[in-house]
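So the structure is just underneath, and the comments pick up after that.
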Amino acid sequence: MVGLQFGLLGLLFLKPAGALLSDASYLRSISGLLTFAAIAIFIAAYVALKPSLRISPIPKPGAALIVKGIYKWFRHPMYLGVLFIGTGFLLNNLNIASVVIWVFLLINMTTKARYEDDLLLIRHPEAIIYQSKTLGLFGKRTEK
């Protein structure tokens with residue numbers, strides 16, 4: 001999942017060829033704002049997660065459940081940042097090929113977030129309360 005994530009971001013960065021769906025300069029401004037927001041999110045997540053930081057969705061053995069800082073509001077801020085970066089790349093080259101790649105990135109990040117949520121429940125049964133009160137990529141956890 002991690003390798004796929006970076007591969008898809010790389011493809012978006014390389015700007016796949018295709019007829020542009022939009023050539024609006026305002027999209028580049030939005031892209032810049034998304035990139036700035038992603039960097040801020042990454043920094044906030046790093047500060048809160050520092051002792052438990054991993055590139056993998058598999059929680060670090062023995063690590064506490066992080067519920068402070070940006071994790072007080074978002075369960076997966078790093079994944080949100082990745083989606084912001086990917087959306088910025090998409091807006092810089094808005095064509096069908098880029099949209100398809102971005103959809104695969106979205107599916108990958110959503111799958112990764114759900115997988116991580118499930119693993120956290122195994123390691124930290126109290127995570128169900130955290131997950132029900134905190135936003136994931138698309139809302140709060142209601143199942144289980």
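All residue names refer to the structure tokens as shown: chains lettered A, B, ... in order, residues numbered from 1 in each chain, ligands numbered from 1 in order.
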*Mind checking which residues fall within 9 Å of Ile41 (chain A), counting only C-alpha atoms, ignoring those fewer than 4 positions away in the same chain, and posting them as a PyMOL selection string?*
chain A and resi 36-37+45-46+70+77-78+80-81
*asked:* Can you tell me which residues surround Ser29 (chain A) at a distance of at most 10 Å, considering only C-alpha atoms, apart from same-chain residues fewer than 6 positions away, and format the answer as a list in words?
replied: Thr35, Gly88, Leu91 and Asn92 of chain A
_Residue neighbourhood Val100 (chain A), 12 Å, only C-alpha atoms, exclusion window fewer than 2 positions, as a list in words_ = Leu8, Leu11, Leu12, Pro16, Gly18, Gly86, Thr87, Leu90, Leu94, Asn95, Ile96, Ala97, Ser98, Trp102, Val103, Phe104, Leu105, Leu106 and Ile107 of chain A
Could those selected residues go to a file with C-alpha atoms, as a PDB file, in the first residue's frame?
```
ATOM      1  CA  LEU A   8       0.683   6.980  -7.786  1.00  0.00           C
ATOM      2  CA  LEU A  11       2.759   9.411 -11.705  1.00  0.00           C
ATOM      3  CA  LEU A  12       0.688  12.477 -10.844  1.00  0.00           C
ATOM      4  CA  PRO A  16       0.544  12.194 -17.534  1.00  0.00           C
ATOM      5  CA  GLY A  18      -3.582  13.914 -22.269  1.00  0.00           C
ATOM      6  CA  GLY A  86      -2.138  14.397  -4.909  1.00  0.00           C
ATOM      7  CA  THR A  87      -5.044  16.761  -5.534  1.00  0.00           C
ATOM      8  CA  LEU A  90      -4.036  16.659 -10.270  1.00  0.00           C
ATOM      9  CA  LEU A  94      -6.230  18.119 -15.001  1.00  0.00           C
ATOM     10  CA  ASN A  95      -6.872  15.435 -17.599  1.00  0.00           C
ATOM     11  CA  ILE A  96      -8.537  12.023 -17.716  1.00  0.00           C
ATOM     12  CA  ALA A  97      -5.313  10.083 -17.049  1.00  0.00           C
ATOM     13  CA  SER A  98      -4.556  12.202 -13.966  1.00  0.00           C
ATOM     14  CA  TRP A 102      -5.971  10.231  -8.428  1.00  0.00           C
ATOM     15  CA  VAL A 103      -9.004   7.943  -7.990  1.00  0.00           C
ATOM     16  CA  PHE A 104      -6.631   4.998  -7.454  1.00  0.00           C
ATOM     17  CA  LEU A 105      -4.704   7.117  -4.915  1.00  0.00           C
ATOM     18  CA  LEU A 106      -7.976   7.875  -3.113  1.00  0.00           C
ATOM     19  CA  ILE A 107      -8.932   4.183  -3.039  1.00  0.00           C
TER      20      ILE A 107
END
```
_Atomic distance CA of Phe84 (chain A) - CA of Ala24 (chain A), expressed in Å with one decimal_ =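 Taking CA of Phe84 (chain A) and CA of Ala24 (chain A), their separation equals 18.7 Å.
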*Excluding Ala113 (chain A) and residues on its chain fewer than 4 positions from it, collect all residues at most 10 Å away from it, counting only C-alpha atoms, and give them as a count of residues only.*
14
*Please measure the separation of CA of Asp23 (chain A) and CA of Leu4 (chain A), giving the value in Å to one decimal.*
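Computing the Euclidean distance for CA of Asp23 (chain A) and CA of Leu4 (chain A) yields 28.1 Å.
As for CA of Arg114 (chain A) and CA of Ile43 (chain A), they are spaced 22.6 Å apart.
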_Of the listed residues A:Ile128, A:Tyr26, A:Lys133, A:Leu34, that which approaches Leu83 (chain A) most closely, counting only C-alpha atoms_ =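 Ranking A:Ile128, A:Tyr26, A:Lys133, A:Leu34 by distance to Leu83 (chain A), first place goes to A:Leu34.
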_Restricting the calculation to only C-alpha atoms: of A:Ile101, A:Val47, A:Ala40, A:Ser31, which residue gets closest to Phe6 (chain A)?_
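Distance minimum relative to Phe6 (chain A) lands on A:Ile101.
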*Residue with smallest distance to Glu116 (chain A) - pool A:Ile58, A:Leu21, A:Ala63, A:Ile39, counting only C-alpha atoms*: A:Ile58
